[in-house]
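S.K.: So here's structure.cif, just mmCIF, C-alpha atoms and all ligand atoms:
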```cif
data_work
loop_
_atom_site.label_atom_id
_atom_site.label_comp_id
_atom_site.auth_asym_id
_atom_site.auth_seq_id
_atom_site.Cartn_x
_atom_site.Cartn_y
_atom_site.Cartn_z
CA MET A 71 -10.88 0.42 19.99
CA LYS A 72 -7.23 -0.41 19.52
CA SER A 73 -6.06 -2.41 16.54
CA ALA A 74 -4.92 -5.99 16.95
CA MET A 75 -1.28 -4.95 16.62
CA GLN A 76 -1.63 -2.24 19.23
CA GLU A 77 -3.03 -4.72 21.71
CA ARG A 78 -0.13 -7.06 21.35
CA PRO A 79 2.74 -5.36 23.08
CA GLY A 80 6.07 -6.89 22.21
CA CYS A 81 4.61 -9.03 19.45
CA GLY A 82 8.07 -9.23 17.98
CA VAL A 83 7.56 -7.22 14.81
CA PRO A 84 10.04 -4.32 14.76
CA ASN A 85 7.65 -2.09 12.87
CA ALA A 86 4.75 -2.74 15.26
CA PRO A 87 3.09 0.39 16.57
CA HIS A 88 4.52 1.13 19.96
CA VAL A 89 2.52 0.92 23.10
CA ALA A 90 2.35 4.59 23.92
CA TRP A 91 0.53 4.36 27.24
CA ARG A 92 3.37 2.43 28.84
CA ARG A 93 5.93 5.04 28.02
CA LYS A 94 6.82 8.42 29.33
CA PRO A 95 4.75 11.00 27.49
CA LEU A 96 6.68 13.01 24.95
CA SER A 97 6.45 16.76 24.61
CA ARG A 98 5.55 18.47 21.35
CA ASP A 99 9.23 19.33 20.82
CA GLU A 100 10.37 15.79 21.56
CA TYR A 101 7.89 14.43 19.04
CA VAL A 102 8.87 16.90 16.35
CA SER A 103 12.62 16.63 16.80
CA GLY A 104 12.35 12.83 16.93
CA ILE A 105 10.41 12.76 13.68
CA LEU A 106 12.75 15.18 11.96
CA ARG A 107 15.78 13.06 12.83
CA GLY A 108 13.97 10.02 11.40
CA ASP A 109 13.43 8.16 14.68
CA ARG A 110 10.97 5.39 13.77
CA THR A 111 9.86 4.82 17.35
CA VAL A 112 8.88 8.45 17.78
CA LEU A 113 7.24 8.47 14.35
CA ALA A 114 5.20 5.39 15.29
CA ARG A 115 4.12 7.01 18.54
CA ALA A 116 3.12 10.17 16.72
CA VAL A 117 1.00 8.18 14.29
CA THR A 118 -0.63 6.40 17.24
CA LEU A 119 -1.42 9.83 18.65
CA ILE A 120 -2.96 10.88 15.33
CA GLU A 121 -5.10 7.76 15.32
CA SER A 122 -6.16 8.16 18.94
CA GLY A 123 -9.82 8.89 19.39
CA LEU A 124 -9.18 10.89 22.56
CA PRO A 125 -9.97 14.59 22.23
CA THR A 126 -7.05 15.35 24.58
CA ASP A 127 -4.62 13.70 22.12
CA ARG A 128 -6.06 15.58 19.17
CA GLY A 129 -4.65 18.96 20.14
CA LEU A 130 -1.10 17.67 20.46
CA ALA A 131 -1.45 15.60 17.27
CA GLU A 132 -2.48 18.70 15.32
CA GLN A 133 0.44 20.70 16.71
CA ILE A 134 2.89 17.98 15.68
CA VAL A 135 1.43 17.82 12.17
CA GLU A 136 1.61 21.60 11.91
CA ASP A 137 5.26 21.67 13.02
CA CYS A 138 6.14 18.91 10.56
CA LEU A 139 4.27 20.44 7.65
CA PRO A 140 7.12 22.71 6.46
CA HIS A 141 9.34 19.61 6.28
CA SER A 142 6.84 17.49 4.36
CA GLY A 143 5.98 17.14 0.69
CA ASN A 144 9.35 16.03 -0.59
CA SER A 145 8.23 12.62 -1.74
CA ILE A 146 6.46 10.61 -4.35
CA ARG A 147 3.08 9.40 -3.10
CA VAL A 148 1.77 6.24 -4.72
CA GLY A 149 -1.69 4.79 -4.16
CA ILE A 150 -2.10 1.05 -4.74
CA THR A 151 -5.48 -0.57 -5.14
CA GLY A 152 -6.89 -3.88 -6.32
CA VAL A 153 -9.28 -6.54 -5.10
CA PRO A 154 -8.38 -8.64 -2.05
CA GLY A 155 -5.79 -11.19 -3.04
CA ALA A 156 -4.53 -9.31 -6.11
CA GLY A 157 -1.14 -9.20 -4.46
CA LYS A 158 -0.93 -5.59 -3.30
CA SER A 159 0.96 -6.34 -0.11
CA SER A 160 3.29 -8.82 -1.82
CA LEU A 161 3.99 -6.28 -4.54
CA ILE A 162 4.69 -3.57 -2.00
CA GLU A 163 7.15 -5.91 -0.33
CA ALA A 164 8.86 -6.52 -3.70
CA LEU A 165 8.89 -2.80 -4.54
CA GLY A 166 10.16 -1.97 -1.08
CA LYS A 167 13.00 -4.46 -1.38
CA TYR A 168 13.92 -2.94 -4.73
CA LEU A 169 13.86 0.60 -3.36
CA ILE A 170 15.91 -0.27 -0.31
CA LYS A 171 18.41 -2.68 -1.81
CA GLU A 172 18.85 -1.28 -5.32
CA LEU A 173 18.17 2.39 -4.86
CA ASN A 174 19.09 2.77 -1.18
CA GLN A 175 15.89 4.71 -0.53
CA LYS A 176 13.51 4.73 2.42
CA ILE A 177 9.91 3.68 2.03
CA ALA A 178 6.80 4.21 4.14
CA VAL A 179 3.75 2.00 3.70
CA LEU A 180 0.37 3.12 4.96
CA ALA A 181 -2.90 1.31 4.50
CA ILE A 182 -6.52 2.23 4.31
CA ASP A 183 -8.47 -0.94 4.63
CA PRO A 184 -12.18 -0.69 5.23
CA SER A 185 -12.46 -4.48 5.40
CA SER A 186 -10.15 -4.75 8.37
CA GLN A 187 -12.85 -3.19 10.50
CA LEU A 188 -14.95 -6.27 9.86
CA SER A 189 -12.44 -9.06 9.54
CA GLY A 190 -9.58 -7.66 11.60
CA GLY A 191 -7.51 -10.22 9.74
CA SER A 192 -5.57 -8.33 7.16
CA ILE A 193 -3.60 -6.33 9.70
CA LEU A 194 -1.58 -9.32 10.73
CA GLY A 195 -1.77 -10.71 7.20
CA ASP A 196 -0.05 -7.62 5.84
CA LYS A 197 2.81 -7.99 8.25
CA THR A 198 3.42 -11.55 7.18
CA ARG A 199 3.44 -10.53 3.49
CA MET A 200 5.93 -7.78 4.19
CA THR A 201 8.44 -9.57 6.37
CA THR A 202 11.51 -8.03 4.75
CA LEU A 203 10.10 -4.55 4.95
CA ALA A 204 8.84 -5.06 8.48
CA ALA A 205 12.36 -5.96 9.55
CA SER A 206 14.13 -3.16 7.69
CA GLU A 207 15.36 0.04 9.29
CA MET A 208 14.68 1.78 5.98
CA ALA A 209 10.97 1.01 6.04
CA PHE A 210 8.07 2.24 8.09
CA ILE A 211 4.92 0.15 7.87
CA ARG A 212 1.63 1.19 9.30
CA PRO A 213 -1.45 -1.00 8.94
CA SER A 214 -4.86 0.62 8.68
CA PRO A 215 -6.34 2.41 11.60
CA SER A 216 -9.06 0.07 12.79
CA ARG A 217 -11.53 2.72 13.76
CA GLY A 218 -13.42 5.62 12.32
CA LEU A 219 -15.37 6.37 9.20
CA ALA A 220 -13.90 6.44 5.72
CA GLY A 221 -13.38 10.20 5.79
CA GLY A 222 -11.80 10.20 9.22
CA VAL A 223 -9.45 7.37 8.35
CA ALA A 224 -8.39 9.20 5.20
CA GLN A 225 -7.60 12.32 7.17
CA ARG A 226 -5.50 10.35 9.62
CA THR A 227 -3.66 8.59 6.81
CA ARG A 228 -2.92 11.95 5.21
CA GLU A 229 -1.52 13.26 8.44
CA ALA A 230 0.56 10.11 8.93
CA MET A 231 1.86 10.58 5.39
CA LEU A 232 3.01 14.12 6.16
CA LEU A 233 4.84 12.93 9.27
CA CYS A 234 6.55 10.15 7.29
CA GLU A 235 7.74 12.73 4.77
CA ALA A 236 9.08 14.94 7.55
CA ALA A 237 10.91 11.86 8.84
CA GLY A 238 12.69 11.56 5.51
CA TYR A 239 10.62 8.92 3.73
CA GLY A 240 10.78 9.95 0.09
CA ASN A 241 8.59 7.10 -1.13
CA ILE A 242 5.12 6.75 0.33
CA LEU A 243 2.90 3.84 -0.65
CA VAL A 244 -0.74 3.82 0.38
CA GLU A 245 -2.50 0.48 -0.01
CA THR A 246 -6.24 0.07 -0.18
CA VAL A 247 -8.70 -2.59 -1.21
CA GLY A 248 -10.41 -1.52 -4.40
CA VAL A 249 -13.91 -2.47 -3.50
CA GLY A 250 -15.29 0.46 -1.58
CA GLN A 251 -15.00 4.19 -1.52
CA SER A 252 -11.53 4.06 -0.11
CA GLU A 253 -9.83 4.05 -3.51
CA THR A 254 -11.28 7.47 -4.25
CA ALA A 255 -10.04 8.69 -0.87
CA VAL A 256 -6.58 7.29 -1.66
CA HIS A 257 -6.60 8.72 -5.18
CA GLU A 258 -7.17 12.12 -3.62
CA MET A 259 -4.09 11.93 -1.45
CA VAL A 260 -1.49 10.56 -3.89
CA ASP A 261 0.46 11.63 -6.96
CA PHE A 262 0.31 8.33 -8.78
CA PHE A 263 -2.42 5.70 -8.76
CA LEU A 264 -1.59 2.06 -9.43
CA LEU A 265 -4.27 -0.54 -10.06
CA ILE A 266 -3.28 -4.17 -9.55
CA THR A 267 -5.32 -6.70 -11.49
CA LEU A 268 -5.14 -10.40 -12.25
CA ALA A 269 -5.40 -12.40 -15.44
CA GLY A 270 -8.32 -14.70 -15.99
CA ALA A 271 -10.88 -12.77 -14.06
CA GLY A 272 -13.21 -10.36 -15.81
CA ASP A 273 -13.60 -6.89 -14.40
CA ASP A 274 -16.88 -7.89 -12.80
CA LEU A 275 -15.35 -10.93 -11.20
CA GLN A 276 -12.54 -8.83 -9.89
CA GLY A 277 -15.05 -6.51 -8.33
CA ILE A 278 -13.34 -3.52 -9.82
CA LYS A 279 -15.75 -0.69 -9.75
CA ARG A 280 -16.34 1.14 -12.94
CA GLY A 281 -14.38 4.33 -12.72
CA VAL A 282 -11.39 2.90 -10.85
CA MET A 283 -9.79 2.10 -14.19
CA GLU A 284 -10.12 5.75 -15.12
CA LEU A 285 -8.24 6.78 -12.02
CA ALA A 286 -5.30 4.52 -12.84
CA ASP A 287 -2.01 5.93 -14.11
CA LEU A 288 -0.76 2.39 -14.40
CA VAL A 289 -2.48 -0.99 -14.47
CA ALA A 290 -0.21 -3.82 -13.37
CA VAL A 291 -1.33 -7.37 -14.07
CA ASN A 292 0.26 -9.26 -11.19
CA LYS A 293 1.18 -12.93 -10.78
CA ALA A 294 2.75 -13.03 -14.24
CA ASP A 295 4.78 -16.08 -13.31
CA GLY A 296 4.86 -19.82 -14.00
CA SER A 297 2.08 -21.01 -16.25
CA ASN A 298 0.28 -17.72 -15.82
CA ILE A 299 2.60 -15.58 -17.94
CA GLU A 300 0.72 -15.85 -21.22
CA ALA A 301 -2.65 -15.19 -19.66
CA ALA A 302 -1.16 -12.19 -17.88
CA GLU A 303 0.20 -10.82 -21.15
CA ARG A 304 -3.26 -11.14 -22.72
CA ALA A 305 -4.83 -9.40 -19.75
CA ARG A 306 -2.24 -6.64 -20.12
CA ALA A 307 -3.19 -6.10 -23.78
CA GLU A 308 -6.88 -5.95 -22.82
CA ALA A 309 -6.18 -3.47 -20.06
CA GLN A 310 -4.11 -1.35 -22.42
CA ASN A 311 -7.08 -1.27 -24.81
CA ALA A 312 -9.33 -0.05 -22.05
CA LEU A 313 -6.94 2.80 -21.23
CA HIS A 314 -6.35 5.92 -23.29
CA TYR A 315 -4.01 5.74 -26.23
CA PHE A 316 -2.83 9.29 -26.25
CA PRO A 317 -1.27 11.50 -23.64
CA ASP A 318 -3.84 13.42 -21.70
CA ALA A 319 -3.60 17.03 -22.78
CA GLU A 320 -3.54 18.35 -19.22
CA THR A 321 -1.29 15.82 -17.53
CA GLY A 322 0.99 14.96 -20.42
CA TRP A 323 0.73 11.31 -19.34
CA THR A 324 -0.58 8.24 -21.15
CA PRO A 325 -1.78 5.56 -18.71
CA ARG A 326 -0.07 2.21 -19.24
CA ALA A 327 -0.57 -1.46 -18.59
CA MET A 328 2.23 -3.81 -17.55
CA THR A 329 2.71 -7.30 -16.21
CA CYS A 330 4.63 -8.06 -13.06
CA SER A 331 5.23 -10.72 -10.46
CA ALA A 332 5.74 -10.03 -6.81
CA PHE A 333 7.19 -13.52 -6.54
CA THR A 334 9.82 -13.55 -9.30
CA GLY A 335 10.46 -9.82 -9.34
CA ARG A 336 9.51 -9.60 -13.00
CA GLY A 337 8.52 -6.08 -13.97
CA ILE A 338 9.27 -4.53 -10.58
CA ARG A 339 12.04 -2.28 -11.86
CA GLU A 340 9.92 -1.28 -14.89
CA LEU A 341 7.01 -0.56 -12.62
CA TRP A 342 9.03 1.80 -10.46
CA ASN A 343 10.62 3.42 -13.50
CA CYS A 344 7.11 4.12 -14.72
CA VAL A 345 6.32 5.91 -11.45
CA LEU A 346 9.48 7.98 -11.80
CA GLU A 347 8.73 8.78 -15.42
CA TYR A 348 5.25 9.90 -14.43
CA ALA A 349 6.72 12.18 -11.78
CA SER A 350 9.16 13.81 -14.16
CA THR A 351 6.64 14.15 -17.00
CA THR A 352 3.97 15.70 -14.81
CA ARG A 353 6.45 17.94 -13.01
CA GLU A 354 7.41 19.27 -16.40
CA SER A 355 3.80 19.79 -17.46
CA GLY A 356 3.01 21.45 -14.12
CA TRP A 357 0.34 18.85 -13.41
CA PHE A 358 2.17 17.37 -10.41
CA GLY A 359 2.14 20.62 -8.45
CA HIS A 360 -1.34 21.51 -9.63
CA VAL A 361 -2.81 18.25 -8.30
CA ARG A 362 -1.09 18.66 -4.94
CA ARG A 363 -2.43 22.20 -4.56
CA GLU A 364 -5.95 21.06 -5.46
CA GLN A 365 -5.65 18.18 -3.00
CA GLN A 366 -4.66 20.57 -0.24
CA LYS A 367 -7.67 22.74 -0.92
CA ARG A 368 -9.92 19.70 -0.78
CA TRP A 369 -8.34 18.53 2.47
CA MET A 370 -9.10 21.90 3.98
CA HIS A 371 -12.75 21.66 2.99
CA GLU A 372 -13.00 18.09 4.25
CA MET A 373 -11.52 19.06 7.58
CA ILE A 374 -13.98 21.92 7.92
CA GLU A 375 -16.88 19.61 7.13
CA GLN A 376 -15.70 17.00 9.58
CA ALA A 377 -15.06 19.49 12.36
CA LEU A 378 -18.44 21.13 11.88
CA ARG A 379 -20.17 17.77 11.85
CA GLN A 380 -18.36 16.72 15.00
CA ARG A 381 -19.34 19.91 16.78
CA PHE A 382 -22.91 19.59 15.61
CA ASP A 383 -23.10 15.97 16.79
CA SER A 384 -21.68 16.80 20.21
CA HIS A 385 -24.01 19.75 20.80
CA PRO A 386 -26.04 18.80 23.92
CA GLY A 387 -29.36 20.09 22.55
CA VAL A 388 -28.86 18.36 19.23
CA ARG A 389 -27.85 15.12 20.90
CA HIS A 390 -30.88 15.27 23.12
CA SER A 391 -33.40 15.80 20.33
CA LEU A 392 -31.88 14.06 17.31
CA LYS A 393 -33.56 10.70 17.86
CA ALA A 394 -36.96 12.32 18.37
CA PHE A 395 -36.56 14.24 15.12
CA GLU A 396 -35.55 11.06 13.31
CA HIS A 397 -38.72 9.37 14.57
CA ASP A 398 -40.88 12.31 13.55
CA VAL A 399 -39.38 12.40 10.07
CA ALA A 400 -39.81 8.65 9.64
CA ALA A 401 -43.41 8.85 10.87
CA GLY A 402 -44.16 11.71 8.52
CA ARG A 403 -44.94 14.10 11.38
CA THR A 404 -42.43 16.60 10.03
CA THR A 405 -40.36 16.92 6.88
CA SER A 406 -36.65 16.20 6.77
CA PHE A 407 -36.11 19.80 5.63
CA ARG A 408 -37.89 21.30 8.61
CA ALA A 409 -36.22 18.89 11.05
CA ALA A 410 -32.78 19.68 9.66
CA ARG A 411 -33.45 23.43 9.82
CA THR A 412 -34.69 23.26 13.39
CA LEU A 413 -31.65 21.25 14.51
CA LEU A 414 -29.26 23.57 12.70
CA GLU A 415 -30.92 26.58 14.30
CA MET A 416 -30.66 24.89 17.67
CA TYR A 417 -26.96 24.41 17.06
CA SER A 418 -26.21 27.88 15.74
CA ARG A 419 -28.02 29.61 18.62
CA ASN A 420 -25.43 28.14 20.93
CA PRO A 421 -22.59 26.58 18.92
CA VAL A 422 -20.16 24.16 20.56
CA ASP A 423 -16.44 24.47 19.96
N1 LIG B 1 1.94 -16.66 -8.04
C1 LIG B 1 1.91 -15.49 -7.43
N2 LIG B 1 1.21 -15.34 -6.29
C2 LIG B 1 1.20 -14.12 -5.69
C3 LIG B 1 1.90 -13.02 -6.23
N3 LIG B 1 1.69 -11.94 -5.43
C4 LIG B 1 0.90 -12.37 -4.43
N4 LIG B 1 0.60 -13.68 -4.55
C5 LIG B 1 -0.22 -14.49 -3.64
O1 LIG B 1 -1.54 -13.99 -3.67
C6 LIG B 1 -2.12 -14.01 -2.37
C7 LIG B 1 -2.58 -12.62 -1.97
O2 LIG B 1 -1.47 -11.75 -1.85
P1 LIG B 1 -1.50 -10.40 -1.01
O3 LIG B 1 -0.22 -9.72 -1.26
O4 LIG B 1 -1.89 -10.64 0.39
O5 LIG B 1 -2.70 -9.64 -1.71
P2 LIG B 1 -3.43 -8.30 -1.29
O6 LIG B 1 -3.91 -7.71 -2.55
O7 LIG B 1 -2.54 -7.47 -0.44
O8 LIG B 1 -4.63 -8.83 -0.45
P3 LIG B 1 -5.51 -8.04 0.65
O9 LIG B 1 -4.58 -7.29 1.55
O10 LIG B 1 -6.26 -9.13 1.34
O11 LIG B 1 -6.42 -7.15 -0.12
C8 LIG B 1 -1.07 -14.56 -1.44
O12 LIG B 1 -1.30 -15.92 -1.25
C9 LIG B 1 0.22 -14.34 -2.20
O13 LIG B 1 1.19 -15.30 -1.83
C10 LIG B 1 2.66 -13.22 -7.46
O14 LIG B 1 3.28 -12.34 -8.01
N5 LIG B 1 2.62 -14.48 -8.00
MG MG B 2 -2.81 -6.59 1.51
#
```
In C-alpha cells, write the structure found in this file.
Ligand SMILES: Nc1nc2c(ncn2[C@@H]2O[C@H](COP(=O)(O)OP(=O)(O)OP(=O)(O)O)[C@@H](O)[C@H]2O)c(=O)[nH]1
Ligand SMILES: [Mg+2]

M.R.:
Amino acid sequence: MKSAMQERPGCGVPNAPHVAWRRKPLSRDEYVSGILRGDRTVLARAVTLIESGLPTDRGLAEQIVEDCLPHSGNSIRVGITGVPGAGKSSLIEALGKYLIKELNQKIAVLAIDPSSQLSGGSILGDKTRMTTLAASEMAFIRPSPSRGLAGGVAQRTREAMLLCEAAGYGNILVETVGVGQSETAVHEMVDFFLLITLAGAGDDLQGIKRGVMELADLVAVNKADGSNIEAAERARAEAQNALHYFPDAETGWTPRAMTCSAFTGRGIRELWNCVLEYASTTRESGWFGHVRREQQKRWMHEMIEQALRQRFDSHPGVRHSLKAFEHDVAAGRTTSFRAARTLLEMYSRNPVD
C-alpha cells in the first residue's frame, strides 16, 4: 500500500516523495551519483525504492545502499520521542530552522510512526507542522513508511538514514511516537536520544513507558511559553531528579533536563548545543564509536533474522501446511515444539532463497 503522500502526485509540497512509476527508471549509477551530489529528487526516489515492497526493487535498493555506505556515517543522528501532541514535529521544525538559518547546515527528518498505519493522519499533519522545513532546499523530510512491521520499518529507516548521510545531510532527526516499541528501535539507530515531555501531566498520563526515561540523553519539557513557563520549570526539576546525577562511567555523559518552546524558540539553541556537547564528550570517551559499532552488529543480526523469516514464510511447503499446524497446536493434537521442528525440517530439506 502506498502512503497518502505517495498517492497524491503533485500535491504541492516540495519535499513530497516523488512518483517513481511515472518517471524513467534510473540505473544504479544514476541513483548513486545523484545521491552523492545531494540531488533531493533522486534521494527521494531512492528512499521510495527502499520502501517498496516489490522483491524486484529490493535488489537494486540494496545495491544503492551498499554503494552509498562508504560515504555515510558522517553525521549526528538524533532520535526524538514523546507522546502524541508533545510537540515533536513542531520542535523539529524549530530545530531545523535554527540549523539551516543560524548554522547553515542541512537536516534530514525521518519518521517511524506506528500509529500512522492506523490513523493515516499524521503523515499530512507532519508536513503542516514543518512548513518551513518542507519548503527548504536544505532539508529532506520523509514521513513514516506506511507499511510493514516494526522491524521492517526500522530497517528501511536505517537505510534511508545512510542514503541521507551520503547525500550530505550531517544532521539526521528520527521522530517516533513514544508509546510503542518504536522508541527502542529508534534508540538503536541513533547517537543521541531526546525525550519530549509536557508539564502538568504525570508520567502515566503521558503514556511514557517505564524505561524510556532511562534511554534519554536529554529530556526536554516543551511548550514552556506563556502561562506555562513556571509549570514547565517545575516539570524540568522533577525530570532532572528522575535522571542520574553523575556522569555515567562508560559514556562520560550525565543526562539532562531542559525546558523549551517550539513556538517562541526558547531553549532551541541550548538544546542543540547539548546534542553537540554530547557528541564531543562521547567521542572523547570512545563511547560514540563504540555504540555505532554495536549498532551495526545488531543491524546485521536483525537483517539475518528478517531474511531467514521471510524465506521460511515464503517456502511453498511451509506456506501450505502452516495453518494446519496452527490448528493442531491450538487443538492440542501436537505440541508447539514438535510443530515448529517439523516445519523447520521441512524448510531446511529444501530451503528457499
Ligand atoms: N504552546 C505551545 N504549543 C505547541 C508547542 N509545540 C507544539 N505545540 C502544539 O502542540 C500540538 C502538537 O504538536 P506536534 O508538533 O504535532 O506534536 P507531535 O509530538 O509531533 O505529535 P504527533 O506527531 O501526533 O505525535 C500542536 O497543536 C502544536 O501547535 C510549543 O512549544 N508551545
Ligand atoms: Mg509529529

S.K.: So, with all atoms listed in the file as the atoms that count, which of A:Ser206, A:Ile177, A:Val422, A:Leu139 lies closest to Gln380 of chain A?

M.R.: A:Val422

S.K.: Identify, on the basis of all atoms listed in the file, every residue whose closest approach to segment 238-248 of chain A does not exceed 6 Å; exclude the query and any residue fewer than 5 positions from it along the same chain; express the result as a ChimeraX atom specification.

M.R.: /A:145-153,176-183,253

S.K.: For the interface of chain A with ligand LIG 1 (chain B) (cut-off 6 Å, counting all atoms listed in the file), please tabulate each contacting residue of chain A alongside its nearest pair of atoms and their separation in Å to one decimal, rows sorted by chain and increasing number, as JSON lines.

M.R.:
```
{"residue": "A:Val153", "atom": "CA", "partner": "B:LIG1", "partner_atom": "O11", "distance": 5.8}
{"residue": "A:Pro154", "atom": "CA", "partner": "B:LIG1", "partner_atom": "O11", "distance": 3.1}
{"residue": "A:Gly155", "atom": "CA", "partner": "B:LIG1", "partner_atom": "C7", "distance": 3.7}
{"residue": "A:Ala156", "atom": "CA", "partner": "B:LIG1", "partner_atom": "O6", "distance": 4.0}
{"residue": "A:Gly157", "atom": "CA", "partner": "B:LIG1", "partner_atom": "O5", "distance": 3.2}
{"residue": "A:Lys158", "atom": "CA", "partner": "B:LIG1", "partner_atom": "O6", "distance": 3.7}
{"residue": "A:Ser159", "atom": "CA", "partner": "B:LIG1", "partner_atom": "O7", "distance": 3.7}
{"residue": "A:Ser160", "atom": "CA", "partner": "B:LIG1", "partner_atom": "O3", "distance": 3.7}
{"residue": "A:Ser192", "atom": "CA", "partner": "B:LIG1", "partner_atom": "O9", "distance": 5.8}
{"residue": "A:Val247", "atom": "CA", "partner": "B:LIG1", "partner_atom": "O11", "distance": 5.2}
{"residue": "A:Asn292", "atom": "CA", "partner": "B:LIG1", "partner_atom": "O14", "distance": 5.4}
{"residue": "A:Lys293", "atom": "CA", "partner": "B:LIG1", "partner_atom": "N5", "distance": 3.5}
{"residue": "A:Asp295", "atom": "CA", "partner": "B:LIG1", "partner_atom": "N5", "distance": 6.0}
{"residue": "A:Ser331", "atom": "CA", "partner": "B:LIG1", "partner_atom": "O14", "distance": 3.5}
{"residue": "A:Ala332", "atom": "CA", "partner": "B:LIG1", "partner_atom": "O14", "distance": 3.6}
{"residue": "A:Phe333", "atom": "CA", "partner": "B:LIG1", "partner_atom": "O14", "distance": 4.3}
```

S.K.: Let me make sure I understand: among A:Gly296, A:Thr202, A:Val388, A:Ala230, which one has the smallest atom-to-atom distance to Ala131 of chain A if we use only C-alpha atoms?

M.R.: A:Ala230

S.K.: Between atom CA of Thr111 of chain A and atom CA of His257 of chain A, measure the distance and give it in Å to one decimal.

M.R.: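 These two atoms are separated by 28.2 Å.
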
S.K.: Between atom CA of Ala319 of chain A and atom CA of Val260 of chain A, what is the distance, to one decimal in Å?

M.R.: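 Those two atoms sit 20.1 Å apart.
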
S.K.: Between atom CA of Leu233 of chain A and atom CA of Ser142 of chain A, what is the distance, to one decimal in Å?

M.R.: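 Between atom CA of Leu233 of chain A and atom CA of Ser142 of chain A the gap works out to 7.0 Å.
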